[in-house]
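> A single structure is presented below for examination.
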Amino acid sequence: MSGGRREGSLEAPTRHPLDWQSEEFYDEAPLFEELERVFDICHGCRRCFSLCNAFPTLFDAVDESETMEVDGVPKKVYWDVVDHCYLCDMCYMSKCPYVPPHEWNVDFPHLMLRAKAVRFRKQGASVRDKVLSATDTVGSLAGIPVVVDVVNAANRSKTGRKLLESTLGVHHRAAVPEYHSKTARKRLSRLRGAGEADANPSAATKGKVVMYATCYGNRNHPTINEDLVAVFEHNGIPLALAEKEACCGMPKFELGDLDAVAKAKEINIPVLAAMVDEGWDIVTPIPSCTLMFKQELPLMFPDDADVAKVRDAMYDPFEYLMLRHKDGVLKTDFQTSLGKVSYQVPCHLRVQNIGLKTRDVLQLVPDTEVDAIERCSGHDGTYAVKKEFHEISRKIARPVINKLKRSEADHFVSDCPMAAEQIVLDMDEYDANHPMSLLRTAYGI
């Protein structure tokens with residue numbers, strides 16, 4: 001294998017659709033052939049050694065094998081590599097020189113996804129993994145009045161956390177979310193049925209937005225959605241809530257349960273597509289959910305016109321605000337400067353290739369300096385809360401944590417609330433804030 005890019009590799013990376021509905025996709029023999037082929041390419045390159053723990057796991061196994069090549073690595077280690085991949089997509093989007101259209105056609109994250117799907121179809125999942133990925137079910141149960149107080153109290157107590165670790169394998173020190181019985185969709189119920197709202201269009205936007213609340217933004221951190229609504233309405237952008245909403249499917253996607261992803265898609269896409277037909281744009285406050293609609297569902301359902309329609313109307317909220325600003329219709333009547341802001345850029349936002357729009361919007365606030373930290377938090381879905389991976393996740397997050405400690409920033413934010421909680425887990429001087437909340441503060445609304 002020779003290093004460097006071959007002819008045509010200077011083109012932008014492209015993704016092939018996922019052939020997840022074919023029988024061959026779930027055949028272990030061709031899967032392991034492809035794993036060995038890609039692992040051999042990765043071993044010869046090693047540019048991704050500093051990303052997640054999947055690559056050090058592979059490279060250490062190669063170096064310690066009798067042959068010092070991939071053919072000497074036990075197949076059990078292949079599954080260890082798969083377990084350490086949390087589908088952040090950073091290797092594909094920022095490091096690998098062999099992604100399509102390169103003839104070697106390396107798509108490491110989607111190969112790991114295929115392996116997860118093969119294992120899920122063959123073995124199912126543990127109780128712990130089923131619970132952690134069932135965000136709709138767990139959120140509904142945990143959010144019942146009275147029950148929510150018990151759940152939150154247990155999650156805050158050392159005894160409760162030790163019990164959770166011994167029974168479900170959730171690390172006793174990992175950041176776990178608080179639940180709310182008064183969800184964002186309840187708090188913002190006035191936005192339902194707002195389909196007749198007048199638009200405030202610009203050159204790049206339709207000027208009225210349906211907010212996909214997300215599981216986390218709805219049940220765990222409803223103030224994020226409240227802040228988003230306040231900021232958008234302050235800017236004259238009408239908002240609506242979809243009449244029905246299910247999980248975007250990302251937790252099941254990361255588990256390899258692609259049939260469950262398809263079921264969630266059948267709930268969400270018809271509702272959102274209908275609102276697009278009525279002239280609405282779509283925003284979601286959580287980068288992973290945005291990515292699911294903008295990338296993964298279109299690759300799973302490349303021939304579904306409604307999926308494509310939702311993809312093309314889906315925006316990160318700060319991407320949307322910056323488009324409005326470029327068209328001269330974003331208000332800049334800020335009342336409060338923010339000083340120095342330390343901002344962790346989540347992986348699932350970076351791979352959307354929209355640039356640092358959160359930073360750019362916050363820096364419109366006078367006397368505000370934003371330092372963007374483009375490193376992984378190590379949280380990545382459910383990875384950081386699992387007993388066997390938590391300490392590794394903390395190691396991955398260490399560069400971000402150390403930079404924040406040295407920053408002397410007035411505020412710390414991340415678009416991913418789970419990433420923010422992971423980063424400030426052992427810090428007293430910073431809270432886990434969302435940049436939309438900070439923007440609302442700057443507006444004084």
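Residue numbers start at 1 in each chain; chains themselves are named A, B, ... in the order of the structure tokens; ligands are numbered from 1 in the order shown.
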Would you list the contacts of region 67-77 of chain A as a list in words, taking every protein, DNA or RNA residue within 8 Å and counting only C-alpha atoms, but skipping same-chain residues closer than 6 positions in sequence?
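So the residues in contact are Glu36, Phe39, Asp40, His43, Thr57, Leu58 and Ala61 of chain A.
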> Could you pull out the alpha helix (DSSP H) residues of region 116-208 of chain A from DSSP and send them as a ChimeraX atom specification?
/A:116-123,127-133,135-142,147-156,158-168,184-187
> Just checking: using only C-alpha atoms, which residue out of A:Asp136, A:Asn433, A:Ser377, A:Leu439 ends up closest to Val361 (chain A)?
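Among A:Asp136, A:Asn433, A:Ser377, A:Leu439, it is A:Leu439 that comes nearest to Val361 (chain A).
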> Looking at only C-alpha atoms, which of A:Pro238, A:Gly169, A:Gly207, A:Pro97 is the one that sits closest to Leu191 (chain A)?
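The answer is A:Pro238, which sits nearest to Leu191 (chain A).
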> Would you kindly return, as a ChimeraX atom specification, each protein, DNA or RNA residue with an atom no farther than 10 Å from any atom of region 244-250 of chain A, considering only C-alpha atoms and excluding same-chain residues fewer than 3 positions away?
/A:87,133-137,185,192,212-216,241,253-272,288-293,296-297,381
